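Asker: Sharing model.cif, mmCIF, C-alpha atoms:
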```cif
data_data
#
loop_
_atom_site.group_PDB
_atom_site.id
_atom_site.type_symbol
_atom_site.label_atom_id
_atom_site.label_comp_id
_atom_site.auth_asym_id
_atom_site.auth_seq_id
_atom_site.Cartn_x
_atom_site.Cartn_y
_atom_site.Cartn_z
ATOM 1 C CA MET A 1 -8.139 -12.611 -20.326
ATOM 2 C CA ASN A 2 -4.840 -13.121 -22.073
ATOM 3 C CA SER A 3 -1.710 -14.608 -20.616
ATOM 4 C CA VAL A 4 1.552 -12.690 -20.728
ATOM 5 C CA GLY A 5 2.792 -15.562 -22.853
ATOM 6 C CA GLU A 6 0.736 -15.482 -26.025
ATOM 7 C CA ALA A 7 1.082 -19.244 -26.478
ATOM 8 C CA CYS A 8 -0.186 -19.881 -22.960
ATOM 9 C CA THR A 9 -3.596 -18.215 -23.142
ATOM 10 C CA ASP A 10 -5.547 -21.368 -23.960
ATOM 11 C CA MET A 11 -3.798 -23.352 -21.229
ATOM 12 C CA LYS A 12 -4.465 -20.523 -18.801
ATOM 13 C CA ARG A 13 -8.178 -20.489 -19.619
ATOM 14 C CA GLU A 14 -8.460 -24.236 -19.247
ATOM 15 C CA TYR A 15 -6.730 -24.140 -15.885
ATOM 16 C CA ASP A 16 -8.831 -21.159 -14.737
ATOM 17 C CA GLN A 17 -12.064 -22.988 -15.528
ATOM 18 C CA CYS A 18 -10.930 -26.005 -13.512
ATOM 19 C CA PHE A 19 -9.700 -23.884 -10.629
ATOM 20 C CA ASN A 20 -12.829 -21.732 -10.399
ATOM 21 C CA ARG A 21 -15.023 -24.803 -10.148
ATOM 22 C CA TRP A 22 -12.839 -26.448 -7.484
ATOM 23 C CA PHE A 23 -12.481 -23.191 -5.569
ATOM 24 C CA ALA A 24 -16.217 -22.508 -5.220
ATOM 25 C CA GLU A 25 -17.452 -26.084 -4.840
ATOM 26 C CA LYS A 26 -14.708 -27.598 -2.723
ATOM 27 C CA PHE A 27 -12.152 -25.239 -1.275
ATOM 28 C CA LEU A 28 -14.515 -22.565 0.081
ATOM 29 C CA LYS A 29 -16.686 -25.290 1.610
ATOM 30 C CA GLY A 30 -13.793 -26.578 3.665
ATOM 31 C CA ASP A 31 -12.546 -29.327 1.391
ATOM 32 C CA GLY A 32 -9.104 -28.169 0.360
ATOM 33 C CA SER A 33 -7.810 -31.605 -0.495
ATOM 34 C CA GLY A 34 -7.742 -33.324 -3.840
ATOM 35 C CA ASP A 35 -7.059 -30.476 -6.223
ATOM 36 C CA PRO A 36 -8.141 -31.872 -9.621
ATOM 37 C CA CYS A 37 -6.303 -29.169 -11.555
ATOM 38 C CA THR A 38 -2.682 -30.051 -10.842
ATOM 39 C CA ASP A 39 -1.927 -31.411 -14.324
ATOM 40 C CA LEU A 40 -3.493 -28.450 -16.060
ATOM 41 C CA PHE A 41 -1.610 -26.166 -13.696
ATOM 42 C CA LYS A 42 1.714 -27.857 -14.465
ATOM 43 C CA ARG A 43 1.263 -27.474 -18.203
ATOM 44 C CA TYR A 44 0.210 -23.869 -17.839
ATOM 45 C CA GLN A 45 3.114 -23.053 -15.523
ATOM 46 C CA GLN A 46 5.692 -24.580 -17.832
ATOM 47 C CA CYS A 47 4.472 -22.300 -20.576
ATOM 48 C CA VAL A 48 4.056 -19.097 -18.600
ATOM 49 C CA GLN A 49 7.281 -19.357 -16.586
ATOM 50 C CA LYS A 50 9.152 -19.724 -19.888
ATOM 51 C CA ALA A 51 7.437 -16.622 -21.275
ATOM 52 C CA ILE A 52 8.267 -14.708 -18.101
ATOM 53 C CA LYS A 53 11.951 -15.573 -18.447
ATOM 54 C CA GLU A 54 11.987 -14.635 -22.119
ATOM 55 C CA LYS A 55 10.426 -11.275 -21.402
ATOM 56 C CA GLU A 56 12.791 -10.827 -18.432
ATOM 57 C CA ILE A 57 9.960 -10.002 -16.072
ATOM 58 C CA PRO A 58 11.614 -9.663 -12.643
ATOM 59 C CA ILE A 59 9.428 -11.872 -10.467
ATOM 60 C CA GLU A 60 12.275 -13.801 -8.840
ATOM 61 C CA GLY A 61 13.267 -13.578 -5.190
ATOM 62 C CA LEU A 62 10.336 -11.480 -4.047
ATOM 63 C CA GLU A 63 9.060 -12.254 -0.554
ATOM 64 C CA PHE A 64 5.450 -13.428 -0.423
ATOM 65 C CA MET A 65 3.129 -10.657 0.745
ATOM 66 C CA GLY A 66 6.050 -8.215 0.653
ATOM 67 C CA HIS A 67 6.681 -7.421 4.299
ATOM 68 C CA SER A 68 4.237 -6.171 6.886
ATOM 69 C CA LYS A 69 3.478 -2.519 6.365
ATOM 70 C CA GLU A 70 2.512 -0.232 9.165
ATOM 71 C CA LYS A 71 1.099 3.262 9.026
ATOM 72 C CA PRO A 72 3.938 5.753 8.557
ATOM 73 C CA GLU A 73 3.947 8.723 10.887
ATOM 74 C CA GLY A 74 3.012 12.153 9.729
ATOM 75 C CA SER A 75 1.913 11.297 6.221
ATOM 76 C CA SER A 76 -1.157 12.840 4.627
ATOM 77 C CA MET B 77 8.174 10.686 2.095
ATOM 78 C CA VAL B 78 5.187 8.436 1.499
ATOM 79 C CA LYS B 79 1.597 9.239 0.631
ATOM 80 C CA TYR B 80 -0.831 7.083 2.596
ATOM 81 C CA PHE B 81 -4.375 6.051 1.728
ATOM 82 C CA LEU B 82 -6.960 4.319 3.863
ATOM 83 C CA GLY B 83 -10.401 3.375 2.671
ATOM 84 C CA GLN B 84 -13.247 1.014 3.262
ATOM 85 C CA SER B 85 -15.717 -0.451 0.786
ATOM 86 C CA VAL B 86 -18.686 -2.750 1.008
ATOM 87 C CA LEU B 87 -19.884 -5.309 -1.522
ATOM 88 C CA ARG B 88 -23.461 -6.443 -1.093
ATOM 89 C CA SER B 89 -22.597 -10.064 -1.700
ATOM 90 C CA SER B 90 -21.549 -12.837 0.612
ATOM 91 C CA TRP B 91 -17.911 -13.517 1.338
ATOM 92 C CA ASP B 92 -17.790 -16.764 -0.661
ATOM 93 C CA GLN B 93 -19.304 -15.078 -3.710
ATOM 94 C CA VAL B 94 -16.778 -12.253 -3.437
ATOM 95 C CA PHE B 95 -13.817 -14.588 -3.027
ATOM 96 C CA ALA B 96 -14.892 -16.599 -6.062
ATOM 97 C CA ALA B 97 -15.450 -13.422 -8.073
ATOM 98 C CA PHE B 98 -11.962 -12.208 -7.119
ATOM 99 C CA TRP B 99 -10.479 -14.785 -9.486
ATOM 100 C CA GLN B 100 -12.893 -13.994 -12.291
ATOM 101 C CA ARG B 101 -12.946 -10.224 -12.329
ATOM 102 C CA TYR B 102 -10.810 -9.764 -15.458
ATOM 103 C CA PRO B 103 -11.773 -8.742 -18.057
ATOM 104 C CA ASN B 104 -14.555 -6.310 -17.201
ATOM 105 C CA PRO B 105 -15.675 -3.008 -18.733
ATOM 106 C CA TYR B 106 -13.593 -1.080 -16.219
ATOM 107 C CA SER B 107 -10.366 -3.010 -16.759
ATOM 108 C CA LYS B 108 -9.298 -1.945 -20.239
ATOM 109 C CA HIS B 109 -5.951 -0.927 -18.812
ATOM 110 C CA VAL B 110 -5.265 -4.506 -17.657
ATOM 111 C CA LEU B 111 -3.525 -6.321 -20.510
ATOM 112 C CA THR B 112 -2.612 -9.761 -19.143
ATOM 113 C CA GLU B 113 -3.299 -11.877 -16.098
ATOM 114 C CA ASP B 114 -1.435 -14.989 -14.936
ATOM 115 C CA ILE B 115 -1.222 -17.114 -11.823
ATOM 116 C CA VAL B 116 2.496 -17.690 -11.246
ATOM 117 C CA HIS B 117 2.307 -19.462 -7.913
ATOM 118 C CA ARG B 118 -0.390 -21.277 -5.998
ATOM 119 C CA GLU B 119 -0.459 -23.628 -3.037
ATOM 120 C CA VAL B 120 -2.762 -24.873 -0.305
ATOM 121 C CA THR B 121 -1.114 -24.706 3.104
ATOM 122 C CA PRO B 122 -1.419 -27.460 5.733
ATOM 123 C CA ASP B 123 -3.880 -25.250 7.596
ATOM 124 C CA GLN B 124 -6.116 -25.026 4.530
ATOM 125 C CA LYS B 125 -5.290 -21.531 3.318
ATOM 126 C CA LEU B 126 -4.862 -20.778 -0.362
ATOM 127 C CA LEU B 127 -1.735 -18.795 -1.228
ATOM 128 C CA SER B 128 -1.563 -17.332 -4.719
ATOM 129 C CA ARG B 129 0.611 -14.952 -6.661
ATOM 130 C CA ARG B 130 -0.931 -13.278 -9.696
ATOM 131 C CA LEU B 131 1.092 -11.389 -12.311
ATOM 132 C CA LEU B 132 -0.694 -8.582 -14.128
ATOM 133 C CA THR B 133 0.511 -6.291 -16.860
ATOM 134 C CA LYS B 134 -1.164 -2.941 -17.125
ATOM 135 C CA THR B 135 -0.818 0.012 -19.486
ATOM 136 C CA ASN B 136 1.442 2.778 -18.248
ATOM 137 C CA ARG B 137 -0.740 5.876 -18.568
ATOM 138 C CA MET B 138 1.134 9.034 -17.606
ATOM 139 C CA PRO B 139 0.170 12.677 -17.969
ATOM 140 C CA ARG B 140 1.888 14.485 -20.829
ATOM 141 C CA TRP B 141 4.293 16.340 -18.519
ATOM 142 C CA ALA B 142 5.464 13.039 -17.024
ATOM 143 C CA GLU B 143 6.013 11.529 -20.485
ATOM 144 C CA ARG B 144 8.261 14.486 -21.299
ATOM 145 C CA LEU B 145 10.188 14.169 -18.036
ATOM 146 C CA PHE B 146 10.538 10.370 -18.111
ATOM 147 C CA PRO B 147 10.636 9.340 -21.773
ATOM 148 C CA ALA B 148 12.408 6.069 -20.974
ATOM 149 C CA ASN B 149 9.391 4.860 -18.973
ATOM 150 C CA VAL B 150 6.786 5.565 -21.642
ATOM 151 C CA ALA B 151 7.321 2.484 -23.778
ATOM 152 C CA HIS B 152 7.086 -0.076 -20.979
ATOM 153 C CA SER B 153 3.933 -1.586 -19.505
ATOM 154 C CA VAL B 154 3.736 -1.947 -15.766
ATOM 155 C CA TYR B 155 4.234 -5.381 -14.189
ATOM 156 C CA ILE B 156 2.307 -5.888 -10.987
ATOM 157 C CA LEU B 157 2.277 -8.747 -8.521
ATOM 158 C CA GLU B 158 -0.715 -9.500 -6.351
ATOM 159 C CA ASP B 159 -0.150 -11.906 -3.473
ATOM 160 C CA SER B 160 -3.188 -13.257 -1.679
ATOM 161 C CA ILE B 161 -4.158 -15.513 1.203
ATOM 162 C CA VAL B 162 -7.672 -16.938 1.202
ATOM 163 C CA ASP B 163 -8.767 -18.296 4.591
ATOM 164 C CA PRO B 164 -12.156 -19.967 4.171
ATOM 165 C CA GLN B 165 -12.332 -21.079 7.806
ATOM 166 C CA ASN B 166 -12.127 -17.504 9.077
ATOM 167 C CA GLN B 167 -13.900 -16.167 5.988
ATOM 168 C CA THR B 168 -11.176 -13.638 5.281
ATOM 169 C CA MET B 169 -8.840 -12.834 2.454
ATOM 170 C CA THR B 170 -5.738 -10.648 2.552
ATOM 171 C CA THR B 171 -4.030 -9.269 -0.529
ATOM 172 C CA PHE B 172 -0.835 -7.330 -1.122
ATOM 173 C CA THR B 173 -0.249 -5.750 -4.522
ATOM 174 C CA TRP B 174 2.703 -3.759 -5.830
ATOM 175 C CA ASN B 175 4.510 -2.862 -9.071
ATOM 176 C CA ILE B 176 7.785 -4.597 -9.820
ATOM 177 C CA ASN B 177 8.985 -2.245 -12.545
ATOM 178 C CA HIS B 178 9.037 1.545 -12.875
ATOM 179 C CA ALA B 179 9.704 1.186 -9.167
ATOM 180 C CA ARG B 180 12.308 3.910 -8.878
ATOM 181 C CA LEU B 181 9.964 6.397 -10.520
ATOM 182 C CA MET B 182 6.958 5.449 -8.423
ATOM 183 C CA MET B 183 5.989 2.599 -6.171
ATOM 184 C CA VAL B 184 2.399 1.890 -5.196
ATOM 185 C CA GLU B 185 1.712 -0.786 -2.584
ATOM 186 C CA GLU B 186 -1.779 -1.822 -1.608
ATOM 187 C CA ARG B 187 -2.908 -4.061 1.196
ATOM 188 C CA CYS B 188 -6.518 -5.245 1.414
ATOM 189 C CA VAL B 189 -8.359 -7.255 3.996
ATOM 190 C CA TYR B 190 -11.681 -8.770 2.957
ATOM 191 C CA CYS B 191 -14.036 -9.990 5.666
ATOM 192 C CA VAL B 192 -17.693 -10.455 6.519
ATOM 193 C CA ASN B 193 -19.428 -7.132 7.094
ATOM 194 C CA ALA B 194 -19.965 -6.509 10.810
ATOM 195 C CA ASP B 195 -23.537 -5.255 10.350
ATOM 196 C CA ASN B 196 -24.720 -7.631 7.690
ATOM 197 C CA SER B 197 -23.330 -11.134 7.427
ATOM 198 C CA GLY B 198 -24.523 -11.356 3.833
ATOM 199 C CA TRP B 199 -22.201 -8.548 2.841
ATOM 200 C CA THR B 200 -18.443 -8.285 2.503
ATOM 201 C CA GLU B 201 -16.298 -5.381 3.518
ATOM 202 C CA ILE B 202 -12.895 -4.439 2.180
ATOM 203 C CA ARG B 203 -10.408 -2.467 4.221
ATOM 204 C CA ARG B 204 -7.871 -0.970 1.842
ATOM 205 C CA GLU B 205 -4.537 0.704 2.613
ATOM 206 C CA ALA B 206 -2.053 2.036 0.089
ATOM 207 C CA TRP B 207 1.354 3.665 0.123
ATOM 208 C CA VAL B 208 2.619 5.771 -2.782
ATOM 209 C CA SER B 209 6.305 6.632 -2.805
ATOM 210 C CA SER B 210 9.009 7.788 -5.189
ATOM 211 C CA SER B 211 12.790 7.685 -5.013
ATOM 212 C CA LEU B 212 12.771 11.069 -6.766
ATOM 213 C CA PHE B 213 12.424 12.440 -3.248
ATOM 214 C CA GLY B 214 15.919 11.119 -2.527
ATOM 215 C CA VAL B 215 17.299 12.884 -5.598
ATOM 216 C CA SER B 216 15.754 16.210 -4.624
ATOM 217 C CA ARG B 217 17.207 15.851 -1.123
ATOM 218 C CA ALA B 218 20.656 15.291 -2.633
ATOM 219 C CA VAL B 219 20.274 18.404 -4.793
ATOM 220 C CA GLN B 220 19.280 20.429 -1.737
ATOM 221 C CA GLU B 221 22.181 19.109 0.356
ATOM 222 C CA PHE B 222 24.663 19.917 -2.386
ATOM 223 C CA GLY B 223 23.223 23.414 -2.872
ATOM 224 C CA LEU B 224 23.429 24.179 0.833
ATOM 225 C CA ALA B 225 27.000 22.889 1.162
ATOM 226 C CA ARG B 226 28.196 24.880 -1.826
ATOM 227 C CA PHE B 227 26.459 27.966 -0.461
ATOM 228 C CA LYS B 228 28.211 27.551 2.915
ATOM 229 C CA SER B 229 31.626 27.252 1.306
ATOM 230 C CA ASN B 230 30.913 30.391 -0.707
ATOM 231 C CA VAL B 231 30.011 32.205 2.526
ATOM 232 C CA THR B 232 33.467 31.260 3.899
ATOM 233 C CA LYS B 233 35.077 32.734 0.797
ATOM 234 C CA THR B 234 32.919 35.851 1.080
ATOM 235 C CA MET B 235 33.970 36.534 4.666
ATOM 236 C CA LYS B 236 37.642 35.846 3.984
ATOM 237 C CA GLY B 237 37.468 38.233 1.065
ATOM 238 C CA PHE B 238 35.885 40.914 3.223
ATOM 239 C CA GLU B 239 38.472 40.536 5.949
ATOM 240 C CA TYR B 240 41.229 40.728 3.414
ATOM 241 C CA ILE B 241 40.039 43.893 1.743
ATOM 242 C CA LEU B 242 39.177 45.598 5.051
ATOM 243 C CA ALA B 243 42.676 44.926 6.336
ATOM 244 C CA LYS B 244 44.133 46.272 3.147
ATOM 245 C CA LEU B 245 42.030 49.437 3.249
ATOM 246 C CA GLN B 246 42.915 50.039 6.891
ATOM 247 C CA GLY B 247 46.592 49.795 6.065
ATOM 248 C CA GLU B 248 47.154 46.702 8.140
ATOM 249 C CA ALA B 249 49.466 44.067 6.910
ATOM 250 C CA PRO B 250 47.301 41.002 6.538
ATOM 251 C CA SER B 251 48.271 38.331 9.125
ATOM 252 C CA LYS B 252 49.463 36.083 6.339
ATOM 253 C CA THR B 253 50.678 36.813 2.879
ATOM 254 C CA LEU B 254 48.082 37.374 0.200
ATOM 255 C CA VAL B 255 48.959 34.130 -1.500
ATOM 256 C CA GLU B 256 48.744 32.012 1.713
ATOM 257 C CA THR B 257 45.364 33.417 2.821
ATOM 258 C CA ALA B 258 43.752 32.936 -0.559
ATOM 259 C CA LYS B 259 45.196 29.418 -0.804
ATOM 260 C CA GLU B 260 43.871 28.486 2.650
ATOM 261 C CA ALA B 261 40.373 29.735 1.837
ATOM 262 C CA LYS B 262 40.397 27.825 -1.432
ATOM 263 C CA GLU B 263 41.500 24.579 0.274
ATOM 264 C CA LYS B 264 38.813 24.853 2.933
ATOM 265 C CA ALA B 265 36.155 25.545 0.287
ATOM 266 C CA LYS B 266 37.351 22.589 -1.755
ATOM 267 C CA GLU B 267 37.146 20.255 1.256
ATOM 268 C CA THR B 268 33.639 21.382 2.129
ATOM 269 C CA ALA B 269 32.480 20.983 -1.466
ATOM 270 C CA LEU B 270 34.066 17.526 -1.685
ATOM 271 C CA ALA B 271 32.399 16.382 1.528
ATOM 272 C CA ALA B 272 29.079 17.705 0.252
ATOM 273 C CA THR B 273 29.510 15.999 -3.114
ATOM 274 C CA GLU B 274 30.241 12.684 -1.403
ATOM 275 C CA LYS B 275 27.181 13.035 0.787
ATOM 276 C CA ALA B 276 25.027 13.988 -2.191
ATOM 277 C CA LYS B 277 26.397 11.095 -4.240
ATOM 278 C CA ASP B 278 25.686 8.753 -1.363
ATOM 279 C CA LEU B 279 22.120 10.009 -0.976
ATOM 280 C CA ALA B 280 21.466 9.851 -4.697
ATOM 281 C CA SER B 281 22.898 6.361 -5.069
ATOM 282 C CA LYS B 282 20.951 5.138 -2.040
ATOM 283 C CA ALA B 283 17.790 6.514 -3.626
ATOM 284 C CA ALA B 284 18.592 4.981 -7.008
ATOM 285 C CA THR B 285 19.589 1.517 -5.862
ATOM 286 C CA LYS B 286 16.963 0.878 -3.229
ATOM 287 C CA PRO B 287 15.542 -2.565 -3.892
ATOM 288 C CA PRO B 288 11.872 -2.292 -4.870
ATOM 289 C CA GLN B 289 10.452 -3.364 -1.550
ATOM 290 C CA GLN B 290 13.001 -1.999 0.872
ATOM 291 C CA ARG B 291 11.355 0.509 3.063
ATOM 292 C CA GLN B 292 12.176 2.402 6.201
ATOM 293 C CA GLN B 293 10.629 0.766 9.237
ATOM 294 C CA PHE B 294 7.780 2.957 10.416
ATOM 295 C CA VAL B 295 6.665 2.889 13.966
#
```
For the file at hand, write its structure as structure tokens.
Answerer:
Amino acid sequence: MNSVGEACTDMKREYDQCFNRWFAEKFLKGDGSGDPCTDLFKRYQQCVQKAIKEKEIPIEGLEFMGHSKEKPEGSS
Amino acid sequence: MVKYFLGQSVLRSSWDQVFAAFWQRYPNPYSKHVLTEDIVHREVTPDQKLLSRRLLTKTNRMPRWAERLFPANVAHSVYILEDSIVDPQNQTMTTFTWNINHARLMMVEERCVYCVNADNSGWTEIRREAWVSSSLFGVSRAVQEFGLARFKSNVTKTMKGFEYILAKLQGEAPSKTLVETAKEAKEKAKETALAATEKAKDLASKAATKPPQQRQQFV
């Protein structure tokens, strides 16, 4: 899968590989410490956050998980 | 006015397989409309939950009639954020996904909860809710309000006109001079129309400037 920043795709794939291994073998088994991917993540983030700014993608200031949504009345 | 969706799905795989697959599902033969994928935030909380924010860009496929109505939107891909919380201790994952552009035209918000299937612990169920809304509803309300207000002020003019001509035909001197009565009716109509225009402007600008995630609180 490509990154939104064309120059970042390789860094993204490297990070993804590291993350997927850590996620399945450590994190899901209860060992959330010692993330071995932090350096790869930093490099990748530097690249992609720059691309996001250049493309003016409006990801700033958005609350995590939006806000809690409840079922609206009377909607189909 | 919001369209609401509620659905449930089952994957015949265990929760840990599903959670791992969640991060690897792009690309796949059914995701040709997904152009890019990036993690833009990730952290492990003190209570061992994984918080992530994923940015996706997707093609903006509209029916032909929509392309004609909204030509400015055609050229731009859709940017979507997907926030997620993975809780391996409770074997659940919650996601919230929404578009951060084209938001005034249409906003789709989706909330999913993934958990172990109640009947089969080797399966995973997904409870999915979505809300589809559009600020175009606000614009149509403003048009309606304006139309009704203008109609009412025209009714006032109609009745004043009737009274005037009836009085004239019945040889009565109208209670005020011709010029004063007509002026009064015109002033009243102008005030009503102005009040209606302000209200319509207010409704339309509220609809247009609503921040992407601001919603009425539903009970």
Asker: Within 8 Å of segment 47-54 of chain A, counting all atoms listed in the file, which residues show up once you throw out same-chain ones fewer than 6 positions away? Write them as a count of residues only, please.
Answerer: 7
Asker: Please return, as an MDAnalysis selection string, all residues of chain A lying within 10 Å of chain B when only C-alpha atoms are considered.
Answerer: chainID A and resid 1:6 8:9 12:13 15:17 19:21 23:25 27:33 35 41 44:45 48:49 52 57:59 62:76
Asker: Evaluate the PyMOL selection byres ((chain B and resi 135) around 6) on the structure here and hand back the selected residues as a PyMOL selection string.
Answerer: chain B and resi 109+134+136-137+153
Asker: Figure out the distance between atom CA of Gly198 of chain B and atom CA of Arg88 of chain B, please, to one decimal in Å.
Answerer: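 Between these atoms lies a distance of 7.0 Å.
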Asker: Could you check the closest approach to Lys55 of chain A for each of B:His152, B:Arg204, B:Ser197, B:Arg180 and tell me which residue wins, using all atoms listed in the file?
Answerer: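 Ranking B:His152, B:Arg204, B:Ser197, B:Arg180 by distance to Lys55 of chain A, first place goes to B:His152.
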Asker: Expressed in Å to a single decimal, how great is the separation between atom CA of Ser89 of chain B and atom CA of Glu119 of chain B?
Answerer: 26.0 Å
Asker: One decimal, Å: what's the distance from atom CA of Lys244 of chain B over to atom CA of Ala269 of chain B, could you say?
Answerer: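 Answer for the atom CA of Lys244 of chain B to atom CA of Ala269 of chain B separation: 28.2 Å.
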Asker: Could you give me the axis-aligned bounding box of segment 14-19 of chain A, with 6 Å of padding per side, as centre plus edge lengths in Å to one decimal, as JSON?
Answerer:
```
{"center_x": -9.4, "center_y": -23.6, "center_z": -14.9, "size_x": 17.3, "size_y": 16.8, "size_z": 20.6}
```
Asker: Using the chain letters and numbers from this file, what does the PyMOL selection byres ((chain B and resi 189) around 6) select? Give the answer as number ranges by chain.
Answerer: B: 169-170, 188, 190, 202-203
Asker: Excluding Phe222 of chain B and its own-chain neighbours fewer than 4 positions away, which residues fall within 10 Å of it when counting all atoms listed in the file? Please give them as a PyMOL selection string.
Answerer: chain B and resi 216-218+226-228+269-277
Asker: What does the PyMOL selection byres ((chain B and resi 150) around 12) select in this file, as a ChimeraX atom specification?
Answerer: /B:135-149,151-154,178,181
